[in-house]
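Trainee: To be precise about what I am sending: the file is called query_4.txt and holds compact mmCIF, C-alpha atoms and all ligand atoms.
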```txt
# COMPACT_ATOMS: atom_id res chain seq x y z
CA MET A 44 96.46 98.04 119.06
CA ASP A 45 98.21 96.68 115.96
CA LEU A 46 101.21 99.00 115.76
CA ASP A 47 102.68 97.22 112.73
CA SER A 48 99.74 98.01 110.49
CA HIS A 49 99.31 101.47 112.03
CA TYR A 50 102.82 102.56 111.07
CA ARG A 51 103.13 100.77 107.71
CA ASN A 52 103.73 103.49 105.04
CA ARG A 53 102.94 106.22 107.60
CA LYS A 54 104.79 109.47 106.96
CA VAL A 55 106.68 110.35 110.10
CA LEU A 56 109.09 113.14 111.02
CA ILE A 57 111.53 112.67 113.91
CA THR A 58 113.29 115.82 115.09
CA GLY A 59 116.58 114.81 116.74
CA GLY A 60 116.36 111.45 114.99
CA LEU A 61 120.13 110.89 114.92
CA GLY A 62 120.32 111.02 118.72
CA PHE A 63 119.74 108.36 121.36
CA LEU A 64 115.95 108.22 121.66
CA GLY A 65 115.27 109.43 118.13
CA SER A 66 117.47 106.86 116.39
CA ASN A 67 116.17 103.93 118.44
CA LEU A 68 112.65 105.09 117.57
CA ALA A 69 113.63 105.38 113.89
CA LEU A 70 114.87 101.77 113.92
CA ASP A 71 111.53 100.60 115.37
CA LEU A 72 109.55 102.65 112.86
CA ALA A 73 111.62 101.37 109.95
CA ALA A 74 110.93 97.79 111.05
CA LYS A 75 107.22 98.61 110.83
CA GLY A 76 107.55 100.09 107.34
CA ALA A 77 107.05 103.78 108.15
CA GLU A 78 108.30 106.48 105.78
CA ILE A 79 110.80 108.30 107.96
CA THR A 80 112.22 111.82 107.73
CA ILE A 81 114.82 112.93 110.26
CA LEU A 82 115.73 116.54 111.00
CA ASP A 83 118.90 116.80 113.08
CA SER A 84 121.55 119.46 113.56
CA LEU A 85 124.31 117.10 114.76
CA HIS A 86 125.39 119.77 117.22
CA HIS A 87 128.56 118.36 118.78
CA TRP A 88 127.33 118.72 122.39
CA TYR A 89 124.52 116.23 121.80
CA GLY A 90 124.04 112.63 120.83
CA GLY A 91 123.53 112.86 117.07
CA ASN A 92 125.59 110.16 115.35
CA HIS A 93 125.25 108.85 111.78
CA PHE A 94 126.20 105.38 112.99
CA ASN A 95 123.01 105.29 115.09
CA ILE A 96 120.88 104.85 111.97
CA GLU A 97 123.43 102.95 109.89
CA PRO A 98 121.22 99.81 109.54
CA ILE A 99 118.39 101.88 108.00
CA SER A 100 120.25 104.79 106.39
CA ASP A 101 118.99 103.88 102.91
CA ARG A 102 115.38 104.01 104.15
CA VAL A 103 115.53 107.38 105.90
CA ARG A 104 115.27 110.85 104.40
CA LEU A 105 117.81 112.85 106.40
CA ILE A 106 117.63 116.62 106.55
CA SER A 107 120.74 117.95 108.25
CA GLY A 108 120.13 121.22 109.99
CA ASP A 109 118.69 123.13 112.85
CA LEU A 110 115.15 123.10 114.16
CA ARG A 111 115.32 126.89 114.17
CA ASP A 112 115.91 127.08 110.40
CA VAL A 113 112.38 127.83 109.18
CA GLU A 114 112.99 126.80 105.56
CA LEU A 115 114.43 123.45 106.57
CA VAL A 116 111.60 122.81 109.01
CA HIS A 117 109.09 123.57 106.26
CA GLU A 118 110.88 121.14 103.95
CA ALA A 119 110.84 118.48 106.68
CA ILE A 120 107.23 118.92 107.74
CA GLU A 121 105.31 119.08 104.50
CA GLY A 122 103.06 116.05 104.02
CA GLN A 123 103.84 114.44 107.39
CA GLU A 124 101.15 112.54 109.29
CA LEU A 125 102.98 112.34 112.60
CA VAL A 126 105.79 114.31 114.22
CA PHE A 127 107.91 113.00 117.09
CA HIS A 128 109.50 116.13 118.52
CA ILE A 129 112.60 114.81 120.22
CA ALA A 130 115.35 117.35 119.37
CA ALA A 131 116.29 119.50 122.33
CA GLN A 132 118.99 121.17 124.34
CA THR A 133 119.22 118.29 126.82
CA SER A 134 121.69 119.32 129.53
CA HIS A 135 120.36 120.49 132.91
CA VAL A 136 123.74 121.98 133.82
CA ASP A 137 124.22 123.84 130.53
CA SER A 138 120.71 125.24 130.79
CA MET A 139 121.85 127.05 133.93
CA THR A 140 125.05 128.44 132.41
CA SER A 141 123.54 129.21 128.96
CA PRO A 142 119.85 129.78 129.73
CA LEU A 143 119.10 131.76 126.60
CA PHE A 144 120.45 129.02 124.35
CA ASP A 145 118.05 126.62 126.08
CA VAL A 146 115.20 129.08 125.43
CA GLU A 147 116.29 129.33 121.79
CA VAL A 148 116.13 125.58 121.12
CA ASN A 149 113.55 124.29 123.56
CA CYS A 150 111.06 127.18 123.41
CA ARG A 151 111.63 129.04 120.15
CA GLY A 152 112.50 125.84 118.26
CA THR A 153 109.34 124.13 119.49
CA ILE A 154 107.15 127.09 118.51
CA LEU A 155 108.73 127.24 115.04
CA LEU A 156 107.95 123.55 114.60
CA LEU A 157 104.36 124.01 115.76
CA GLU A 158 103.91 126.99 113.44
CA ALA A 159 105.18 124.90 110.53
CA MET A 160 102.79 122.08 111.48
CA LYS A 161 99.90 124.55 111.59
CA GLU A 162 100.73 125.83 108.10
CA LEU A 163 101.93 122.74 106.26
CA ALA A 164 100.70 119.64 108.09
CA PRO A 165 97.57 120.70 109.97
CA GLY A 166 96.21 117.15 110.27
CA ALA A 167 99.43 115.68 111.67
CA ARG A 168 99.75 114.44 115.23
CA LEU A 169 102.53 115.45 117.59
CA VAL A 170 104.26 113.37 120.24
CA TYR A 171 106.47 115.52 122.44
CA ALA A 172 109.49 114.28 124.40
CA GLY A 173 108.76 115.65 127.85
CA THR A 174 110.82 114.94 130.93
CA ARG A 175 110.62 114.25 134.65
CA ALA A 176 112.65 117.49 135.01
CA GLN A 177 109.40 119.39 134.40
CA ILE A 178 108.24 118.31 137.86
CA GLY A 179 111.32 119.19 139.91
CA LYS A 180 111.13 118.46 143.63
CA LEU A 181 108.32 116.10 144.59
CA ASP A 182 105.49 116.83 147.02
CA TYR A 183 104.63 113.14 147.03
CA THR A 184 105.89 109.96 145.48
CA PRO A 185 105.29 108.03 143.25
CA VAL A 186 104.58 111.10 141.13
CA ASP A 187 101.51 111.01 138.90
CA GLU A 188 100.54 113.35 136.07
CA LYS A 189 98.48 115.57 138.40
CA HIS A 190 101.54 116.60 140.40
CA GLY A 191 102.39 120.29 140.08
CA ALA A 192 105.40 121.40 138.06
CA PHE A 193 108.13 123.10 140.07
CA PRO A 194 111.25 122.73 137.89
CA VAL A 195 114.58 123.43 139.54
CA ASP A 196 116.49 124.26 136.36
CA ILE A 197 115.97 126.24 133.16
CA TYR A 198 115.87 123.03 131.12
CA GLY A 199 112.90 121.79 133.16
CA VAL A 200 111.07 125.11 132.82
CA ASN A 201 111.59 125.27 129.07
CA LYS A 202 110.70 121.62 128.46
CA HIS A 203 107.52 122.29 130.42
CA ALA A 204 106.86 125.35 128.27
CA GLY A 205 107.31 123.18 125.17
CA GLU A 206 104.67 120.77 126.46
CA LEU A 207 102.28 123.63 127.19
CA TYR A 208 102.91 125.19 123.75
CA ALA A 209 101.95 121.87 122.18
CA PHE A 210 98.63 121.85 124.05
CA VAL A 211 97.98 125.50 123.14
CA TYR A 212 98.38 124.56 119.45
CA MET A 213 96.09 121.60 120.00
CA ASN A 214 93.36 123.76 121.50
CA ALA A 215 93.77 126.72 119.17
CA HIS A 216 94.72 125.01 115.91
CA GLY A 217 93.60 121.41 116.25
CA ILE A 218 97.05 119.73 116.26
CA PRO A 219 96.52 116.53 118.30
CA ALA A 220 99.39 116.57 120.82
CA THR A 221 100.65 114.12 123.43
CA SER A 222 103.53 114.49 125.88
CA LEU A 223 105.55 111.65 127.36
CA ARG A 224 107.41 112.63 130.50
CA ILE A 225 110.48 110.48 130.13
CA ASN A 226 112.45 109.26 133.12
CA ASN A 227 116.14 108.38 133.25
CA SER A 228 116.80 106.32 130.15
CA TYR A 229 119.73 104.15 129.15
CA GLY A 230 120.67 101.76 126.39
CA PRO A 231 122.45 101.56 123.04
CA ARG A 232 123.15 104.64 120.86
CA HIS A 233 123.63 107.22 123.60
CA GLN A 234 126.40 109.81 123.38
CA MET A 235 129.44 108.74 125.41
CA LYS A 236 131.35 112.04 125.21
CA HIS A 237 130.36 113.61 128.52
CA GLY A 238 128.22 113.12 131.63
CA LYS A 239 126.08 116.26 131.42
CA TYR A 240 123.02 114.12 130.75
CA GLY A 241 122.32 110.39 130.42
CA ILE A 242 124.47 109.76 133.46
CA LEU A 243 123.96 105.98 133.55
CA ASN A 244 125.36 105.67 130.04
CA TRP A 245 128.29 107.90 130.94
CA PHE A 246 129.05 105.72 133.97
CA ILE A 247 129.14 102.68 131.69
CA ARG A 248 131.89 104.39 129.72
CA LEU A 249 133.81 105.32 132.86
CA ALA A 250 133.59 101.75 134.16
CA MET A 251 134.53 100.20 130.81
CA ASP A 252 137.57 102.51 130.71
CA GLY A 253 138.56 101.31 134.20
CA GLY A 254 137.90 104.75 135.66
CA THR A 255 136.43 106.03 138.90
CA ILE A 256 132.75 106.89 139.15
CA ARG A 257 132.13 109.74 141.57
CA ILE A 258 128.92 109.55 143.58
CA PHE A 259 127.88 112.91 144.96
CA GLY A 260 126.95 112.46 148.63
CA GLU A 261 125.67 109.06 149.76
CA GLY A 262 123.84 108.21 146.53
CA ASN A 263 120.71 107.13 148.39
CA GLN A 264 118.29 108.94 146.08
CA LEU A 265 115.84 106.58 144.37
CA ARG A 266 115.52 106.62 140.59
CA ASP A 267 113.52 104.84 137.89
CA TYR A 268 115.65 103.67 134.98
CA ASN A 269 114.01 102.85 131.67
CA HIS A 270 115.68 100.91 128.88
CA VAL A 271 115.37 102.81 125.61
CA ASP A 272 113.36 99.98 124.01
CA ASP A 273 110.64 100.58 126.59
CA VAL A 274 110.73 104.32 125.91
CA THR A 275 110.42 103.93 122.12
CA ARG A 276 107.52 101.49 122.63
CA ALA A 277 105.76 104.22 124.59
CA PHE A 278 106.34 106.69 121.74
CA LEU A 279 104.89 104.24 119.24
CA ALA A 280 101.83 103.66 121.43
CA ALA A 281 101.32 107.40 122.03
CA GLY A 282 101.52 108.12 118.30
CA ALA A 283 98.87 105.52 117.51
CA SER A 284 96.39 105.55 120.40
CA ASP A 285 93.06 107.38 120.04
CA ALA A 286 93.20 108.12 123.78
CA ALA A 287 96.54 109.97 123.62
CA PRO A 288 95.78 113.40 122.07
CA GLY A 289 95.59 116.05 124.80
CA GLN A 290 97.24 113.78 127.36
CA VAL A 291 100.44 113.69 129.38
CA TYR A 292 101.91 110.32 130.36
CA ASN A 293 104.64 109.51 132.86
CA LEU A 294 107.11 106.77 132.05
CA GLY A 295 108.78 104.80 134.81
CA CYS A 296 110.09 101.35 135.61
CA GLY A 297 108.15 100.13 138.65
CA ASP A 298 111.34 98.92 140.30
CA PRO A 299 113.28 101.95 141.49
CA ILE A 300 116.82 101.57 142.82
CA SER A 301 119.19 103.93 144.58
CA PHE A 302 121.80 105.85 142.64
CA ARG A 303 124.53 103.91 144.51
CA GLU A 304 122.97 100.54 143.62
CA MET A 305 122.87 101.63 139.97
CA VAL A 306 126.59 102.44 140.06
CA LYS A 307 127.44 99.12 141.73
CA ALA A 308 125.43 97.21 139.11
CA ILE A 309 127.39 98.93 136.32
CA ILE A 310 130.74 98.07 137.89
CA GLU A 311 129.68 94.47 138.40
CA THR A 312 128.33 94.14 134.87
CA THR A 313 131.35 95.67 133.15
CA GLY A 314 133.76 93.88 135.50
CA SER A 315 135.87 97.04 135.74
CA GLY A 316 135.99 100.49 137.29
CA ARG A 317 135.47 101.64 140.88
CA TYR A 318 133.46 104.25 142.72
CA GLU A 319 134.07 106.85 145.39
CA HIS A 320 131.83 109.21 147.34
CA VAL A 321 132.56 112.93 146.98
CA PRO A 322 130.75 116.04 148.26
CA TRP A 323 128.07 117.55 146.03
CA PRO A 324 129.42 120.29 143.74
CA LYS A 325 127.29 123.40 144.21
CA GLU A 326 126.03 123.57 140.59
CA ARG A 327 124.74 119.98 140.87
CA GLU A 328 123.35 120.26 144.38
CA ASP A 329 121.33 123.33 143.33
CA ILE A 330 119.41 121.29 140.76
CA GLU A 331 119.19 117.95 142.60
CA VAL A 332 115.61 116.85 143.33
CA GLY A 333 116.10 113.85 145.68
CA ASP A 334 114.00 110.69 145.21
CA TYR A 335 112.06 110.50 141.97
CA VAL A 336 109.73 107.57 141.38
CA ALA A 337 107.05 107.75 138.69
CA ASP A 338 103.51 106.43 138.74
CA PHE A 339 102.99 105.27 135.15
CA SER A 340 99.63 103.58 135.67
CA LYS A 341 97.94 106.07 133.30
CA ALA A 342 100.18 104.92 130.44
CA THR A 343 99.35 101.33 131.33
CA ARG A 344 95.61 102.02 131.35
CA GLU A 345 95.37 104.18 128.26
CA LEU A 346 98.35 103.15 126.10
CA GLU A 347 98.65 99.52 127.24
CA TRP A 348 102.26 100.37 128.07
CA THR A 349 104.35 98.72 130.75
CA PRO A 350 108.14 98.57 130.91
CA ARG A 351 109.40 95.15 129.87
CA VAL A 352 113.19 95.21 130.04
CA PRO A 353 114.54 94.15 133.47
CA PHE A 354 117.32 96.46 134.66
CA GLN A 355 120.10 93.87 134.86
CA LYS A 356 119.28 92.37 131.46
CA GLY A 357 119.10 95.85 129.90
CA LEU A 358 122.44 96.74 131.44
CA GLU A 359 124.11 93.60 130.10
CA GLU A 360 122.79 94.21 126.60
CA THR A 361 123.85 97.86 126.74
CA VAL A 362 127.40 97.01 127.81
CA ALA A 363 127.58 94.35 125.06
CA PHE A 364 126.47 96.95 122.47
CA TYR A 365 129.17 99.45 123.48
CA ARG A 366 131.83 96.71 123.58
CA GLU A 367 130.96 95.79 119.99
CA HIS A 368 130.60 99.36 118.66
CA GLN A 369 132.94 101.26 120.95
CA VAL A 370 134.81 102.89 118.09
CA HIS A 371 131.67 104.77 117.02
CA TYR A 372 130.98 106.21 120.48
CA TRP A 373 134.32 106.66 122.29
CA SER A 374 135.15 109.96 120.63
CA LYS A 375 137.22 112.47 122.55
CA GLN A 376 135.55 113.40 125.83
CA ILE A 377 134.20 116.93 125.98
CA SER A 378 133.50 118.92 129.11
N1 LIG B 401 117.53 110.35 127.51
C1 LIG B 401 116.83 110.61 128.61
O1 LIG B 401 117.03 109.99 129.67
C2 LIG B 401 115.75 111.67 128.57
C3 LIG B 401 115.00 111.89 129.73
C4 LIG B 401 114.01 112.86 129.69
C5 LIG B 401 113.75 113.56 128.52
N2 LIG B 401 114.51 113.33 127.43
C6 LIG B 401 114.21 114.11 126.22
O2 LIG B 401 114.34 113.26 125.10
C7 LIG B 401 114.87 113.98 124.00
C8 LIG B 401 116.06 113.28 123.39
O3 LIG B 401 117.06 113.05 124.34
P1 LIG B 401 118.29 112.11 123.98
O4 LIG B 401 118.72 111.49 125.25
O5 LIG B 401 117.95 111.26 122.81
O6 LIG B 401 119.38 113.20 123.56
P2 LIG B 401 120.40 113.19 122.34
O7 LIG B 401 121.37 114.29 122.58
O8 LIG B 401 120.95 111.83 122.11
O9 LIG B 401 119.46 113.56 121.10
C9 LIG B 401 119.07 114.86 120.82
C10 LIG B 401 119.18 115.04 119.32
O10 LIG B 401 118.65 116.32 118.98
C11 LIG B 401 119.52 116.95 118.07
N3 LIG B 401 119.37 118.39 118.23
C12 LIG B 401 119.69 119.13 119.32
N4 LIG B 401 119.41 120.43 119.08
C13 LIG B 401 118.90 120.48 117.83
C14 LIG B 401 118.41 121.54 117.02
N5 LIG B 401 118.43 122.81 117.46
N6 LIG B 401 117.96 121.26 115.78
C15 LIG B 401 117.96 119.99 115.32
N7 LIG B 401 118.41 118.94 116.03
C16 LIG B 401 118.88 119.20 117.28
C17 LIG B 401 120.91 116.48 118.45
O11 LIG B 401 121.84 116.60 117.37
C18 LIG B 401 120.65 115.03 118.84
O12 LIG B 401 120.78 114.16 117.74
C19 LIG B 401 115.11 115.40 124.48
O13 LIG B 401 113.99 116.17 124.11
C20 LIG B 401 115.18 115.26 125.98
O14 LIG B 401 114.75 116.44 126.60
C21 LIG B 401 115.50 112.41 127.42
```
As a first step, turn the structure in this file into structure tokens.
Ligand SMILES: NC(=O)c1ccc[n+]([C@@H]2O[C@H](COP(=O)([O-])OP(=O)(O)OC[C@H]3O[C@@H](n4cnc5c(N)ncnc54)[C@H](O)[C@@H]3O)[C@@H](O)[C@H]2O)c1
Mentor:
Amino acid sequence: MDLDSHYRNRKVLITGGLGFLGSNLALDLAAKGAEITILDSLHHWYGGNHFNIEPISDRVRLISGDLRDVELVHEAIEGQELVFHIAAQTSHVDSMTSPLFDVEVNCRGTILLLEAMKELAPGARLVYAGTRAQIGKLDYTPVDEKHGAFPVDIYGVNKHAGELYAFVYMNAHGIPATSLRINNSYGPRHQMKHGKYGILNWFIRLAMDGGTIRIFGEGNQLRDYNHVDDVTRAFLAAGASDAAPGQVYNLGCGDPISFREMVKAIIETTGSGRYEHVPWPKEREDIEVGDYVADFSKATRELEWTPRVPFQKGLEETVAFYREHQVHYWSKQIS
């Protein structure tokens, strides 16, 4: 699949395009010559950051505002050929304390977007940012796409609803939709304000600041960690492949490590910080799923996607990025 020619001059909307995944995807798309529109609310809890798209800011049409603002969504969607729906309420913990806000953004916001696509861009494709949180606790591992969905938090339920809405609009209204169930991702351009999501990135900040990383329990749970470059490559493949409409794809790394090993690698790579084991806080223990390892062979077969960035190399590059651009990410911590 020649992604360069596929995306050249293609009209693409990225919701949440100022955040971590969205901005890295925008940089890739800009390098391929796509015509990019970003819709982003820059809500202060999330990762939206103008600096994320600074190298391409003159080549992006930026619409600042909320996914739930129908007029703005109409303005953003008209004439698009492809929509990457990435904006979301992204915190598992906040979804439990403010469940209706999660419904507002992740359910109502997704339906408003789909309605706008139906009316104003009926031929456009959709690639949806799904999540491993849709699955919840595993019956078996590695988890494939046939595994049942038993989310343990409101975020997981609502992200799953968003995926199902997308397929309803595909069946009923012909919008070709694909969902990528993203695993734990890390890399440049993540928010570094709090550890409510994107925990690996947050630990990099703690270690760089010489702080203490707290591991809940023993930290033996296995996790897949994907560098953001591998994730954006999967989005590009899903948006271009003829096999992708109607499909769900897991992303994973093929080389899972324990949570504790991940923390140790960060401390070694940054050369600072320490860790300690503490008991699980109840609100975290309630939504902890144990080992999570993904079977991504379907993405390999149908999208020709495999993760390429080795964990240690990705970590070193990520730390180097935040050392160079710390001033743009080390804003006041929020809780
Ligand atoms: N990063 C991961 O490890 C991971 C894992 C699984 C799934 N995901 C999914 O990927 C997507 C992006 O995650 P991220 O890590 O880039 O988060 P992020 O916080 O960096 O980006 C989210 C972006 O969406 C914007 N946004 C939030 N609510 C909005 C609204 N109502 N209207 C318009 N814009 C809004 C934010 O301003 C932000 O720029 C989410 O859908 C998330 O569920 C991420």
Trainee: Compile the contact shell of Tyr240 in chain A as an mmCIF file with C-alpha atoms, keeping the file's coordinate frame: residues with an atom at most 12 Å away, counting only C-alpha atoms, same-chain residues fewer than 5 positions apart removed.
Mentor:
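File selection_24.cif, as written:
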```
data_model
loop_
_atom_site.group_PDB
_atom_site.id
_atom_site.type_symbol
_atom_site.label_atom_id
_atom_site.label_comp_id
_atom_site.auth_asym_id
_atom_site.auth_seq_id
_atom_site.Cartn_x
_atom_site.Cartn_y
_atom_site.Cartn_z
ATOM 1 C CA PHE A 63 119.740 108.360 121.360
ATOM 2 C CA TRP A 88 127.330 118.720 122.390
ATOM 3 C CA TYR A 89 124.520 116.230 121.800
ATOM 4 C CA GLY A 90 124.040 112.630 120.830
ATOM 5 C CA GLN A 132 118.990 121.170 124.340
ATOM 6 C CA THR A 133 119.220 118.290 126.820
ATOM 7 C CA SER A 134 121.690 119.320 129.530
ATOM 8 C CA HIS A 135 120.360 120.490 132.910
ATOM 9 C CA VAL A 136 123.740 121.980 133.820
ATOM 10 C CA ASP A 137 124.220 123.840 130.530
ATOM 11 C CA SER A 138 120.710 125.240 130.790
ATOM 12 C CA ALA A 176 112.650 117.490 135.010
ATOM 13 C CA TYR A 198 115.870 123.030 131.120
ATOM 14 C CA ASN A 226 112.450 109.260 133.120
ATOM 15 C CA ASN A 227 116.140 108.380 133.250
ATOM 16 C CA SER A 228 116.800 106.320 130.150
ATOM 17 C CA TYR A 229 119.730 104.150 129.150
ATOM 18 C CA HIS A 233 123.630 107.220 123.600
ATOM 19 C CA GLN A 234 126.400 109.810 123.380
ATOM 20 C CA MET A 235 129.440 108.740 125.410
ATOM 21 C CA TRP A 245 128.290 107.900 130.940
ATOM 22 C CA PHE A 246 129.050 105.720 133.970
ATOM 23 C CA ARG A 327 124.740 119.980 140.870
ATOM 24 C CA SER A 378 133.500 118.920 129.110
#
```
Trainee: List all protein, DNA and RNA residues that have an atom no more than 7 Å from any atom of ligand LIG 401 (chain B), counting all atoms listed in the file, and report them as a PDB file with C-alpha atoms, in the frame of the given file.
Mentor:
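result02.pdb, written as the output of this step:
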```pdb
ATOM      1  CA  THR A  58     113.290 115.820 115.090  1.00  0.00           C
ATOM      2  CA  GLY A  59     116.580 114.810 116.740  1.00  0.00           C
ATOM      3  CA  GLY A  60     116.360 111.450 114.990  1.00  0.00           C
ATOM      4  CA  LEU A  61     120.130 110.890 114.920  1.00  0.00           C
ATOM      5  CA  GLY A  62     120.320 111.020 118.720  1.00  0.00           C
ATOM      6  CA  PHE A  63     119.740 108.360 121.360  1.00  0.00           C
ATOM      7  CA  LEU A  64     115.950 108.220 121.660  1.00  0.00           C
ATOM      8  CA  GLY A  65     115.270 109.430 118.130  1.00  0.00           C
ATOM      9  CA  LEU A  82     115.730 116.540 111.000  1.00  0.00           C
ATOM     10  CA  ASP A  83     118.900 116.800 113.080  1.00  0.00           C
ATOM     11  CA  SER A  84     121.550 119.460 113.560  1.00  0.00           C
ATOM     12  CA  LEU A  85     124.310 117.100 114.760  1.00  0.00           C
ATOM     13  CA  HIS A  86     125.390 119.770 117.220  1.00  0.00           C
ATOM     14  CA  TYR A  89     124.520 116.230 121.800  1.00  0.00           C
ATOM     15  CA  GLY A  90     124.040 112.630 120.830  1.00  0.00           C
ATOM     16  CA  GLY A  91     123.530 112.860 117.070  1.00  0.00           C
ATOM     17  CA  ASN A  92     125.590 110.160 115.350  1.00  0.00           C
ATOM     18  CA  GLY A 108     120.130 121.220 109.990  1.00  0.00           C
ATOM     19  CA  ASP A 109     118.690 123.130 112.850  1.00  0.00           C
ATOM     20  CA  LEU A 110     115.150 123.100 114.160  1.00  0.00           C
ATOM     21  CA  ARG A 111     115.320 126.890 114.170  1.00  0.00           C
ATOM     22  CA  ILE A 129     112.600 114.810 120.220  1.00  0.00           C
ATOM     23  CA  ALA A 130     115.350 117.350 119.370  1.00  0.00           C
ATOM     24  CA  ALA A 131     116.290 119.500 122.330  1.00  0.00           C
ATOM     25  CA  GLN A 132     118.990 121.170 124.340  1.00  0.00           C
ATOM     26  CA  THR A 133     119.220 118.290 126.820  1.00  0.00           C
ATOM     27  CA  VAL A 148     116.130 125.580 121.120  1.00  0.00           C
ATOM     28  CA  GLY A 152     112.500 125.840 118.260  1.00  0.00           C
ATOM     29  CA  ALA A 172     109.490 114.280 124.400  1.00  0.00           C
ATOM     30  CA  GLY A 173     108.760 115.650 127.850  1.00  0.00           C
ATOM     31  CA  THR A 174     110.820 114.940 130.930  1.00  0.00           C
ATOM     32  CA  ARG A 175     110.620 114.250 134.650  1.00  0.00           C
ATOM     33  CA  LYS A 202     110.700 121.620 128.460  1.00  0.00           C
ATOM     34  CA  ARG A 224     107.410 112.630 130.500  1.00  0.00           C
ATOM     35  CA  ILE A 225     110.480 110.480 130.130  1.00  0.00           C
ATOM     36  CA  ASN A 226     112.450 109.260 133.120  1.00  0.00           C
ATOM     37  CA  ASN A 227     116.140 108.380 133.250  1.00  0.00           C
ATOM     38  CA  SER A 228     116.800 106.320 130.150  1.00  0.00           C
ATOM     39  CA  TYR A 229     119.730 104.150 129.150  1.00  0.00           C
ATOM     40  CA  HIS A 233     123.630 107.220 123.600  1.00  0.00           C
ATOM     41  CA  GLN A 234     126.400 109.810 123.380  1.00  0.00           C
ATOM     42  CA  GLY A 241     122.320 110.390 130.420  1.00  0.00           C
TER      43      GLY A 241
END
```
Trainee: Which neighbours of Ala204 in chain A fall inside 9 Å, counting only C-alpha atoms, when residues of the same chain fewer than 5 positions from it are skipped, and could you give them as a PDB file with C-alpha atoms, keeping the file's coordinate frame?
Mentor:
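That gives us part22.pdb:
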```pdb
ATOM      1  CA  ASN A 149     113.550 124.290 123.560  1.00  0.00           C
ATOM      2  CA  CYS A 150     111.060 127.180 123.410  1.00  0.00           C
ATOM      3  CA  GLN A 177     109.400 119.390 134.400  1.00  0.00           C
ATOM      4  CA  GLY A 199     112.900 121.790 133.160  1.00  0.00           C
ATOM      5  CA  ALA A 209     101.950 121.870 122.180  1.00  0.00           C
TER       6      ALA A 209
END
```
Trainee: I need every residue sitting at most 8 Å from the point (129.8, 105.6, 118.9) (coordinates as in the file, only C-alpha atoms considered), written as a short mmCIF file (atom, residue, chain, number, x, y, z; two decimals) with C-alpha atoms, keeping the file's coordinate frame.
Mentor:
```cif
data_model
loop_
_atom_site.label_atom_id
_atom_site.label_comp_id
_atom_site.auth_asym_id
_atom_site.auth_seq_id
_atom_site.Cartn_x
_atom_site.Cartn_y
_atom_site.Cartn_z
CA ASN A 92 125.59 110.16 115.35
CA PHE A 94 126.20 105.38 112.99
CA ASN A 95 123.01 105.29 115.09
CA ARG A 232 123.15 104.64 120.86
CA HIS A 233 123.63 107.22 123.60
CA GLN A 234 126.40 109.81 123.38
CA MET A 235 129.44 108.74 125.41
CA TYR A 365 129.17 99.45 123.48
CA HIS A 368 130.60 99.36 118.66
CA GLN A 369 132.94 101.26 120.95
CA VAL A 370 134.81 102.89 118.09
CA HIS A 371 131.67 104.77 117.02
CA TYR A 372 130.98 106.21 120.48
CA TRP A 373 134.32 106.66 122.29
CA SER A 374 135.15 109.96 120.63
#
```
Trainee: I'd like the interatomic distance between CA of Asp196 in chain A and CA of Lys239 in chain A, to a tenth of an Å.
Mentor: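 Result for CA of Asp196 in chain A versus CA of Lys239 in chain A: 13.4 Å, one decimal.
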Trainee: With all atoms listed in the file as the basis for distance, which of A:Tyr335, A:Lys236, A:Leu346, A:Leu265 is at the shortest distance from Pro288 in chain A?
Mentor: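 Closest candidate: A:Leu346.
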Trainee: From (109.7, 108.6, 109.0), in the file's coordinates, out to 8 Å: which residues are reached, counting only C-alpha atoms? Answer as a PDB file with C-alpha atoms, keeping the file's coordinate frame.
Mentor:
```pdb
ATOM      1  CA  ARG A  53     102.940 106.220 107.600  1.00  0.00           C
ATOM      2  CA  LYS A  54     104.790 109.470 106.960  1.00  0.00           C
ATOM      3  CA  VAL A  55     106.680 110.350 110.100  1.00  0.00           C
ATOM      4  CA  LEU A  56     109.090 113.140 111.020  1.00  0.00           C
ATOM      5  CA  ILE A  57     111.530 112.670 113.910  1.00  0.00           C
ATOM      6  CA  ALA A  69     113.630 105.380 113.890  1.00  0.00           C
ATOM      7  CA  LEU A  72     109.550 102.650 112.860  1.00  0.00           C
ATOM      8  CA  ALA A  73     111.620 101.370 109.950  1.00  0.00           C
ATOM      9  CA  ALA A  77     107.050 103.780 108.150  1.00  0.00           C
ATOM     10  CA  GLU A  78     108.300 106.480 105.780  1.00  0.00           C
ATOM     11  CA  ILE A  79     110.800 108.300 107.960  1.00  0.00           C
ATOM     12  CA  THR A  80     112.220 111.820 107.730  1.00  0.00           C
ATOM     13  CA  ILE A  81     114.820 112.930 110.260  1.00  0.00           C
ATOM     14  CA  VAL A 103     115.530 107.380 105.900  1.00  0.00           C
ATOM     15  CA  ARG A 104     115.270 110.850 104.400  1.00  0.00           C
TER      16      ARG A 104
END
```
Trainee: Which residue is closest to Asn67 in chain A? Choose from A:Leu279, A:Val336, A:Met305, A:Met213 and count only C-alpha atoms.
Mentor: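 Using only C-alpha atoms, the shortest distance to Asn67 in chain A belongs to A:Leu279.
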Trainee: Could you please determine the separation between CA of Tyr183 in chain A and CA of Asn263 in chain A in Å, to one decimal place?
Mentor: 17.2 Å
Trainee: Neighbouring residues of Pro322 in chain A were defined as those with any atom within 12 Å, considering all atoms listed in the file; residues of the same chain fewer than 6 positions away were excluded. Please report them as a count of residues only.
Mentor: 7
Trainee: Hey, which of A:Gly179, A:Gly217, A:Gly122, A:Gly76 ends up closest to Asp329 in chain A? Count only C-alpha atoms.
Mentor: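 Selected residue with least distance to Asp329 in chain A: A:Gly179.
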Trainee: May I have the residues within 9 Å of His270 in chain A as an NGL selection string, using only C-alpha atoms and disregarding those fewer than 3 positions away in the same chain?
Mentor: :A and (227-231 or 273-274 or 296 or 350-354 or 357-358 or 361)
